[in-house]
file my_file_32.cif (mmCIF, C-alpha atoms; chains and numbers go by the auth columns)
data_query
#
loop_
_atom_site.group_PDB
_atom_site.id
_atom_site.type_symbol
_atom_site.label_atom_id
_atom_site.label_comp_id
_atom_site.label_asym_id
_atom_site.label_seq_id
_atom_site.Cartn_x
_atom_site.Cartn_y
_atom_site.Cartn_z
_atom_site.B_iso_or_equiv
_atom_site.auth_seq_id
_atom_site.auth_asym_id
ATOM 1 C CA MET A 1 46.549 -172.065 -195.649 0.00 1411 A
ATOM 2 C CA ASN A 2 46.057 -168.303 -195.950 0.00 1412 A
ATOM 3 C CA ILE A 3 42.438 -167.439 -195.159 0.00 1413 A
ATOM 4 C CA ALA A 4 40.607 -164.110 -195.449 0.00 1414 A
ATOM 5 C CA TYR A 5 37.519 -163.690 -193.302 0.00 1415 A
ATOM 6 C CA LEU A 6 34.846 -161.123 -194.181 0.00 1416 A
ATOM 7 C CA LYS A 7 31.614 -160.232 -192.423 0.00 1417 A
ATOM 8 C CA ASN A 8 30.196 -158.731 -195.614 0.00 1418 A
ATOM 9 C CA ASN A 9 30.790 -159.630 -199.222 0.00 1419 A
ATOM 10 C CA ASP A 10 32.611 -156.360 -199.888 0.00 1420 A
ATOM 11 C CA ILE A 11 34.811 -156.236 -203.013 0.00 1421 A
ATOM 12 C CA ALA A 12 36.879 -153.305 -201.696 0.00 1422 A
ATOM 13 C CA THR A 13 37.663 -155.188 -198.463 0.00 1423 A
ATOM 14 C CA MET A 14 38.566 -158.317 -200.418 0.00 1424 A
ATOM 15 C CA GLU A 15 40.980 -156.309 -202.550 0.00 1425 A
ATOM 16 C CA ALA A 16 42.476 -154.543 -199.511 0.00 1426 A
ATOM 17 C CA ILE A 17 43.105 -157.867 -197.767 0.00 1427 A
ATOM 18 C CA SER A 18 44.569 -159.417 -200.946 0.00 1428 A
ATOM 19 C CA ASN A 19 46.902 -156.446 -201.449 0.00 1429 A
ATOM 20 C CA TYR A 20 47.965 -156.532 -197.791 0.00 1430 A
ATOM 21 C CA ALA A 21 48.781 -160.240 -198.050 0.00 1431 A
ATOM 22 C CA LYS A 22 50.780 -159.644 -201.264 0.00 1432 A
ATOM 23 C CA GLU A 23 52.822 -156.952 -199.489 0.00 1433 A
ATOM 24 C CA LEU A 24 53.730 -159.633 -196.940 0.00 1434 A
ATOM 25 C CA GLY A 25 54.653 -162.063 -199.751 0.00 1435 A
ATOM 26 C CA MET A 26 51.528 -164.240 -199.335 0.00 1436 A
ATOM 27 C CA ASN A 27 48.469 -165.051 -201.417 0.00 1437 A
ATOM 28 C CA ILE A 28 44.981 -165.640 -200.069 0.00 1438 A
ATOM 29 C CA ASN A 29 43.921 -169.245 -200.663 0.00 1439 A
ATOM 30 C CA VAL A 30 40.285 -168.898 -199.631 0.00 1440 A
ATOM 31 C CA PHE A 31 37.792 -166.204 -198.624 0.00 1441 A
ATOM 32 C CA TYR A 32 35.249 -167.063 -195.919 0.00 1442 A
ATOM 33 C CA GLN A 33 32.195 -165.065 -195.020 0.00 1443 A
ATOM 34 C CA ASN A 34 30.103 -165.393 -191.844 0.00 1444 A
ATOM 35 C CA GLN A 35 31.444 -168.800 -190.839 0.00 1445 A
ATOM 36 C CA ASP A 36 32.370 -170.200 -187.446 0.00 1446 A
ATOM 37 C CA LEU A 37 36.098 -169.540 -187.476 0.00 1447 A
ATOM 38 C CA ILE A 38 36.888 -171.880 -184.597 0.00 1448 A
ATOM 39 C CA THR A 39 35.655 -174.915 -186.539 0.00 1449 A
ATOM 40 C CA THR A 40 37.020 -173.657 -189.878 0.00 1450 A
ATOM 41 C CA LEU A 41 40.627 -172.864 -188.927 0.00 1451 A
ATOM 42 C CA THR A 42 43.284 -175.545 -188.662 0.00 1452 A
ATOM 43 C CA PRO A 43 46.707 -175.381 -186.971 0.00 1453 A
ATOM 44 C CA ASP A 44 49.318 -173.141 -188.635 0.00 1454 A
ATOM 45 C CA ASP A 45 46.782 -171.304 -190.812 0.00 1455 A
ATOM 46 C CA VAL A 46 47.158 -167.578 -191.390 0.00 1456 A
ATOM 47 C CA LEU A 47 44.011 -165.510 -190.964 0.00 1457 A
ATOM 48 C CA PHE A 48 43.487 -162.092 -192.531 0.00 1458 A
ATOM 49 C CA VAL A 49 40.654 -159.791 -191.394 0.00 1459 A
ATOM 50 C CA LYS A 50 39.693 -156.204 -192.162 0.00 1460 A
ATOM 51 C CA ASN A 51 39.989 -155.384 -188.452 0.00 1461 A
ATOM 52 C CA ILE A 52 40.046 -157.440 -185.296 0.00 1462 A
ATOM 53 C CA TYR A 53 36.378 -156.598 -184.567 0.00 1463 A
ATOM 54 C CA GLU A 54 35.359 -158.734 -187.519 0.00 1464 A
ATOM 55 C CA LEU A 55 36.194 -161.871 -185.514 0.00 1465 A
ATOM 56 C CA GLY A 56 33.006 -161.729 -183.463 0.00 1466 A
ATOM 57 C CA GLU A 57 29.945 -159.846 -182.331 0.00 1467 A
ATOM 58 C CA ASP A 58 31.144 -159.159 -178.785 0.00 1468 A
ATOM 59 C CA PRO A 59 34.406 -159.136 -176.841 0.00 1469 A
ATOM 60 C CA GLN A 60 33.863 -162.670 -175.549 0.00 1470 A
ATOM 61 C CA SER A 61 33.518 -164.168 -179.036 0.00 1471 A
ATOM 62 C CA ILE A 62 36.554 -162.189 -180.257 0.00 1472 A
ATOM 63 C CA PHE A 63 38.612 -163.459 -177.318 0.00 1473 A
ATOM 64 C CA ASN A 64 37.448 -167.023 -178.002 0.00 1474 A
ATOM 65 C CA VAL A 65 38.734 -166.833 -181.587 0.00 1475 A
ATOM 66 C CA ILE A 66 42.019 -165.250 -180.464 0.00 1476 A
ATOM 67 C CA ARG A 67 42.443 -167.923 -177.775 0.00 1477 A
ATOM 68 C CA HIS A 68 41.749 -170.669 -180.337 0.00 1478 A
ATOM 69 C CA CYS A 69 44.263 -169.118 -182.745 0.00 1479 A
ATOM 70 C CA ALA A 70 46.888 -168.805 -180.004 0.00 1480 A
ATOM 71 C CA HIS A 71 46.383 -172.440 -178.999 0.00 1481 A
ATOM 72 C CA HIS A 72 46.708 -173.675 -182.607 0.00 1482 A
ATOM 73 C CA ASN A 73 49.566 -171.368 -183.649 0.00 1483 A
ATOM 74 C CA ILE A 74 47.394 -169.415 -186.102 0.00 1484 A
ATOM 75 C CA LEU A 75 48.552 -165.916 -187.036 0.00 1485 A
ATOM 76 C CA ILE A 76 45.903 -163.200 -187.331 0.00 1486 A
ATOM 77 C CA TYR A 77 46.633 -160.171 -189.520 0.00 1487 A
ATOM 78 C CA SER A 78 44.411 -157.149 -188.961 0.00 1488 A
ATOM 79 C CA VAL A 79 44.656 -155.057 -192.139 0.00 1489 A
ATOM 80 C CA GLU A 80 43.275 -151.746 -190.810 0.00 1490 A
ATOM 81 C CA ASP A 81 45.406 -151.935 -187.653 0.00 1491 A
ATOM 82 C CA ASP A 82 48.444 -153.177 -189.618 0.00 1492 A
ATOM 83 C CA HIS A 83 49.026 -155.589 -186.756 0.00 1493 A
ATOM 84 C CA CYS A 84 49.820 -159.270 -186.449 0.00 1494 A
ATOM 85 C CA PHE A 85 48.464 -161.214 -183.471 0.00 1495 A
ATOM 86 C CA ASP A 86 50.551 -164.286 -182.878 0.00 1496 A
ATOM 87 C CA ALA A 87 50.456 -166.951 -180.148 0.00 1497 A
ATOM 88 C CA LYS A 88 53.034 -165.244 -177.974 0.00 1498 A
ATOM 89 C CA LYS A 89 51.725 -161.692 -178.206 0.00 1499 A
ATOM 90 C CA SER A 90 48.003 -162.478 -177.905 0.00 1500 A
ATOM 91 C CA LYS A 91 48.538 -163.955 -174.446 0.00 1501 A
ATOM 92 C CA ASN A 92 49.716 -160.602 -173.179 0.00 1502 A
ATOM 93 C CA LEU A 93 46.977 -159.243 -170.901 0.00 1503 A
ATOM 94 C CA SER A 94 47.655 -155.622 -171.810 0.00 1504 A
ATOM 95 C CA ILE A 95 46.913 -156.316 -175.474 0.00 1505 A
ATOM 96 C CA LEU A 96 43.621 -157.976 -174.541 0.00 1506 A
ATOM 97 C CA ILE A 97 42.627 -155.060 -172.316 0.00 1507 A
ATOM 98 C CA GLU A 98 43.526 -152.608 -175.071 0.00 1508 A
ATOM 99 C CA LEU A 99 41.559 -154.706 -177.543 0.00 1509 A
ATOM 100 C CA TYR A 100 38.518 -154.779 -175.267 0.00 1510 A
ATOM 101 C CA THR A 101 38.665 -151.015 -174.728 0.00 1511 A
ATOM 102 C CA SER A 102 39.033 -150.383 -178.455 0.00 1512 A
ATOM 103 C CA PHE A 103 36.126 -152.711 -179.192 0.00 1513 A
ATOM 104 C CA CYS A 104 33.869 -150.861 -176.741 0.00 1514 A
ATOM 105 C CA GLU A 105 34.823 -147.528 -178.276 0.00 1515 A
ATOM 106 C CA TYR A 106 34.290 -148.915 -181.791 0.00 1516 A
ATOM 107 C CA ARG A 107 30.819 -150.299 -180.964 0.00 1517 A
ATOM 108 C CA SER A 108 29.851 -147.067 -179.211 0.00 1518 A
ATOM 109 C CA LYS A 109 30.965 -145.030 -182.226 0.00 1519 A
ATOM 110 C CA LYS A 110 29.057 -147.284 -184.630 0.00 1520 A
ATOM 111 C CA SER A 111 25.921 -147.127 -182.447 0.00 1521 A
ATOM 112 C CA LYS A 112 26.072 -143.334 -182.288 0.00 1522 A
ATOM 113 C CA GLU A 113 26.557 -143.133 -186.059 0.00 1523 A
ATOM 114 C CA TYR A 114 23.559 -145.421 -186.634 0.00 1524 A
ATOM 115 C CA ILE A 115 21.356 -143.427 -184.257 0.00 1525 A
ATOM 116 C CA GLN A 116 22.390 -140.174 -185.932 0.00 1526 A
ATOM 117 C CA LYS A 117 21.686 -141.684 -189.363 0.00 1527 A
ATOM 118 C CA MET A 118 18.182 -142.669 -188.238 0.00 1528 A
ATOM 119 C CA LYS A 119 17.573 -139.192 -186.802 0.00 1529 A
ATOM 120 C CA ASP A 120 18.793 -137.615 -190.055 0.00 1530 A
ATOM 121 C CA GLN A 121 16.257 -139.758 -191.916 0.00 1531 A
ATOM 122 C CA GLY A 122 13.529 -138.359 -189.653 0.00 1532 A
ATOM 123 C CA ILE A 123 12.901 -141.602 -187.782 0.00 1533 A
ATOM 124 C CA LYS A 124 11.706 -140.979 -184.235 0.00 1534 A
ATOM 125 C CA LEU A 125 13.526 -143.009 -181.612 0.00 1535 A
ATOM 126 C CA GLY A 126 12.447 -144.082 -178.151 0.00 1536 A
ATOM 127 C CA ARG A 127 9.065 -144.584 -176.615 0.00 1537 A
ATOM 128 C CA LYS A 128 6.139 -142.946 -178.351 0.00 1538 A
ATOM 129 C CA GLU A 129 5.025 -139.699 -176.799 0.00 1539 A
ATOM 130 C CA GLY A 130 2.126 -140.291 -174.469 0.00 1540 A
ATOM 131 C CA SER A 131 2.930 -143.960 -174.086 0.00 1541 A
ATOM 132 C CA THR A 132 0.494 -145.811 -171.861 0.00 1542 A
ATOM 133 C CA VAL A 133 2.515 -148.897 -171.008 0.00 1543 A
ATOM 134 C CA LYS A 134 2.611 -148.292 -167.253 0.00 1544 A
ATOM 135 C CA LEU A 135 -0.910 -146.904 -167.207 0.00 1545 A
ATOM 136 C CA ASN A 136 -2.219 -150.084 -168.826 0.00 1546 A
ATOM 137 C CA LYS A 137 -0.375 -152.178 -166.234 0.00 1547 A
ATOM 138 C CA MET A 138 -1.930 -150.094 -163.488 0.00 1548 A
ATOM 139 C CA LYS A 139 -5.413 -150.539 -165.004 0.00 1549 A
ATOM 140 C CA ARG A 140 -4.947 -154.295 -164.707 0.00 1550 A
ATOM 141 C CA ARG A 141 -3.925 -153.840 -161.066 0.00 1551 A
ATOM 142 C CA LYS A 142 -6.855 -151.558 -160.230 0.00 1552 A
ATOM 143 C CA ASP A 143 -8.480 -154.051 -157.862 0.00 1553 A
ATOM 144 C CA ALA A 144 -5.249 -154.541 -155.912 0.00 1554 A
ATOM 145 C CA ILE A 145 -4.747 -150.773 -155.694 0.00 1555 A
ATOM 146 C CA LEU A 146 -8.298 -150.302 -154.418 0.00 1556 A
ATOM 147 C CA LYS A 147 -7.707 -152.942 -151.702 0.00 1557 A
ATOM 148 C CA ASP A 148 -4.473 -151.231 -150.682 0.00 1558 A
ATOM 149 C CA LEU A 149 -6.167 -147.833 -150.457 0.00 1559 A
ATOM 150 C CA LYS A 150 -9.125 -149.267 -148.493 0.00 1560 A
ATOM 151 C CA ARG A 151 -6.633 -150.758 -146.017 0.00 1561 A
ATOM 152 C CA GLY A 152 -5.266 -147.257 -145.449 0.00 1562 A
ATOM 153 C CA MET A 153 -2.152 -147.289 -147.647 0.00 1563 A
ATOM 154 C CA SER A 154 -1.023 -143.778 -148.591 0.00 1564 A
ATOM 155 C CA LEU A 155 -0.656 -142.691 -152.208 0.00 1565 A
ATOM 156 C CA ASN A 156 3.114 -142.347 -151.688 0.00 1566 A
ATOM 157 C CA SER A 157 3.222 -146.006 -150.627 0.00 1567 A
ATOM 158 C CA VAL A 158 1.208 -146.965 -153.722 0.00 1568 A
ATOM 159 C CA TYR A 159 3.732 -145.151 -155.965 0.00 1569 A
ATOM 160 C CA GLU A 160 6.592 -146.994 -154.305 0.00 1570 A
ATOM 161 C CA LYS A 161 4.899 -150.405 -154.219 0.00 1571 A
ATOM 162 C CA TYR A 162 4.003 -150.392 -157.917 0.00 1572 A
ATOM 163 C CA LYS A 163 7.085 -148.403 -158.986 0.00 1573 A
ATOM 164 C CA VAL A 164 5.183 -145.740 -160.904 0.00 1574 A
ATOM 165 C CA SER A 165 5.153 -141.962 -160.870 0.00 1575 A
ATOM 166 C CA ARG A 166 2.514 -139.686 -159.372 0.00 1576 A
ATOM 167 C CA THR A 167 1.521 -138.755 -162.923 0.00 1577 A
ATOM 168 C CA THR A 168 0.647 -142.359 -163.761 0.00 1578 A
ATOM 169 C CA ILE A 169 -1.520 -142.734 -160.652 0.00 1579 A
ATOM 170 C CA ASN A 170 -3.175 -139.371 -161.317 0.00 1580 A
ATOM 171 C CA LYS A 171 -4.019 -140.468 -164.873 0.00 1581 A
ATOM 172 C CA LEU A 172 -5.440 -143.692 -163.439 0.00 1582 A
ATOM 173 C CA ARG A 173 -7.544 -141.654 -161.000 0.00 1583 A
ATOM 174 C CA GLU A 174 -8.962 -139.679 -163.931 0.00 1584 A
ATOM 175 C CA ILE A 175 -10.123 -142.788 -165.790 0.00 1585 A
ATOM 176 C CA GLU A 176 -11.068 -144.916 -162.755 0.00 1586 A
ATOM 177 C CA PRO A 177 -13.469 -142.904 -160.543 0.00 1587 A
ATOM 178 C CA GLU A 178 -13.607 -145.692 -157.939 0.00 1588 A
ATOM 179 C CA ILE A 179 -10.116 -144.745 -156.754 0.00 1589 A
ATOM 180 C CA ASN A 180 -11.189 -141.151 -156.116 0.00 1590 A
ATOM 181 C CA GLU A 181 -14.273 -142.389 -154.255 0.00 1591 A
ATOM 182 C CA VAL A 182 -12.110 -144.471 -151.921 0.00 1592 A
ATOM 183 C CA LEU A 183 -9.792 -141.508 -151.311 0.00 1593 A
ATOM 184 C CA LYS A 184 -12.747 -139.150 -150.635 0.00 1594 A
ATOM 185 C CA ALA A 185 -14.290 -141.666 -148.223 0.00 1595 A
ATOM 186 C CA ARG A 186 -10.969 -141.863 -146.357 0.00 1596 A
ATOM 187 C CA GLU A 187 -10.817 -138.056 -146.109 0.00 1597 A
ATOM 188 C CA LYS A 188 -14.371 -137.865 -144.671 0.00 1598 A
ATOM 189 C CA SER A 189 -13.634 -140.517 -142.049 0.00 1599 A
ATOM 190 C CA LYS A 190 -10.643 -138.542 -140.675 0.00 1600 A
#

call {"tool": "encode", "arguments": {"input": "my_file_32.cif", "output": "structure tokens"}}
result
Amino acid sequence: MNIAYLKNNDIATMEAISNYAKELGMNINVFYQNQDLITTLTPDDVLFVKNIYELGEDPQSIFNVIRHCAHHNILIYSVEDDHCFDAKKSKNLSILIELYTSFCEYRSKKSKEYIQKMKDQGIKLGRKEGSTVKLNKMKRRKDAILKDLKRGMSLNSVYEKYKVSRTTINKLREIEPEINEVLKAREKSK
């Protein structure tokens, strides 16, 4: 059976795959969208995809489909690459390495395009300016910090122990006067 697999219900992709199959003297029997290919495909099927990246979300899932196809003598035609993966060729390690590298580059390109699109739309990315995530964690640990300081631990050791910056501890000192009192008492006793 000649099967076309699509991630999206895209008319242009359906037509491109159909035309590609006709050029090879084949007709598409069925179009599948977002299905588990490993359970859907049967031995000696022919699978058509827009590009090889459509087979899965990550390299491991793509390799699993290719391995299944190789084991069951299923040909995979990648329309954009104009390439046929068959059982003999897909076992070649160099093709798999090339495929993995191409996939990484493809995903990176798509991620960069998406980030740029969001920036162009004026959407701010990343942590909000003035985020207080670590400061809030340190507020909850105030009692432990006070005990450490009373035992003579230096501020540098506190930064390292709690994995925070000097700025975070200084902000905590501003809002928790008890910490400054402990530090002043230590200075007087020296």

call {"tool": "residues_around", "arguments": {"input": "my_file_32.cif", "residues": "A:Arg1551", "least_positions_apart": "3", "cutoff": "12 Å", "atoms": "all atoms listed in the file", "output": "PyMOL selection string"}}
result
chain A and resi 1544-1548+1554-1558+1568+1571-1572+1579+1582+1586+1589

call {"tool": "closest_residue", "arguments": {"input": "my_file_32.cif", "among": "A:Ser1488, A:Thr1449, A:Asn1444, A:Gln1531", "to": "A:Val1475", "atoms": "only C-alpha atoms"}}
result
A:Thr1449

call {"tool": "atom_distance", "arguments": {"input": "my_file_32.cif", "atom1": "atom CA of A:Asp1492", "atom2": "atom CA of A:Lys1520"}}
result
20.9 Å

call {"tool": "atom_distance", "arguments": {"input": "my_file_32.cif", "atom1": "atom CA of A:Leu1457", "atom2": "atom CA of A:Phe1513"}}
result
19.1 Å

call {"tool": "closest_residue", "arguments": {"input": "my_file_32.cif", "among": "A:Ala1422, A:Leu1451, A:Leu1593, A:Met1528", "to": "A:Leu1565", "atoms": "all atoms listed in the file"}}
result
A:Leu1593

call {"tool": "closest_residue", "arguments": {"input": "my_file_32.cif", "among": "A:Asp1420, A:Asp1446, A:Glu1464, A:Glu1588", "to": "A:Asp1553", "atoms": "all atoms listed in the file"}}
result
A:Glu1588

call {"tool": "residues_around", "arguments": {"input": "my_file_32.cif", "residues": "A:Leu1485", "least_positions_apart": "2", "cutoff": "10 Å", "atoms": "only C-alpha atoms", "output": "short mmCIF file (atom, residue, chain, number, x, y, z; two decimals) with C-alpha atoms, keeping the file's coordinate frame"}}
result
data_model
loop_
_atom_site.label_atom_id
_atom_site.label_comp_id
_atom_site.auth_asym_id
_atom_site.auth_seq_id
_atom_site.Cartn_x
_atom_site.Cartn_y
_atom_site.Cartn_z
CA ASN A 1412 46.06 -168.30 -195.95
CA PRO A 1453 46.71 -175.38 -186.97
CA ASP A 1454 49.32 -173.14 -188.64
CA ASP A 1455 46.78 -171.30 -190.81
CA VAL A 1456 47.16 -167.58 -191.39
CA LEU A 1457 44.01 -165.51 -190.96
CA PHE A 1458 43.49 -162.09 -192.53
CA ILE A 1476 42.02 -165.25 -180.46
CA CYS A 1479 44.26 -169.12 -182.74
CA ALA A 1480 46.89 -168.80 -180.00
CA HIS A 1482 46.71 -173.68 -182.61
CA ASN A 1483 49.57 -171.37 -183.65
CA TYR A 1487 46.63 -160.17 -189.52
CA SER A 1488 44.41 -157.15 -188.96
CA CYS A 1494 49.82 -159.27 -186.45
CA PHE A 1495 48.46 -161.21 -183.47
CA ASP A 1496 50.55 -164.29 -182.88
CA ALA A 1497 50.46 -166.95 -180.15
CA SER A 1500 48.00 -162.48 -177.90
#

call {"tool": "axis_aligned_box", "arguments": {"input": "my_file_32.cif", "around": "stretch 1546-1550 of chain A", "padding_each_side": "5 Å", "output": "JSON"}}
result
{"center_x": -2.9, "center_y": -152.2, "center_z": -166.2, "size_x": 15.0, "size_y": 14.2, "size_z": 15.3}

call {"tool": "closest_residue", "arguments": {"input": "my_file_32.cif", "among": "A:Tyr1516, A:Tyr1524, A:Asn1474, A:Lys1460", "to": "A:Ile1421", "atoms": "all atoms listed in the file"}}
result
A:Lys1460

call {"tool": "residues_near_point", "arguments": {"input": "my_file_32.cif", "point": "(40.6, -154.9, -185.9)", "cutoff": "8 Å", "atoms": "only C-alpha atoms", "output": "number ranges by chain"}}
result
A: 1459-1464, 1488-1491

call {"tool": "atom_distance", "arguments": {"input": "my_file_32.cif", "atom1": "atom CA of A:Tyr1415", "atom2": "atom CA of A:Ala1431"}}
result
12.7 Å

call {"tool": "closest_residue", "arguments": {"input": "my_file_32.cif", "among": "A:Val1543, A:Ile1472, A:Met1563, A:Leu1447", "to": "A:Arg1596", "atoms": "all atoms listed in the file"}}
result
A:Met1563

call {"tool": "closest_residue", "arguments": {"input": "my_file_32.cif", "among": "A:Ala1426, A:Arg1517, A:Lys1549, A:Ile1525", "to": "A:Pro1587", "atoms": "all atoms listed in the file"}}
result
A:Lys1549
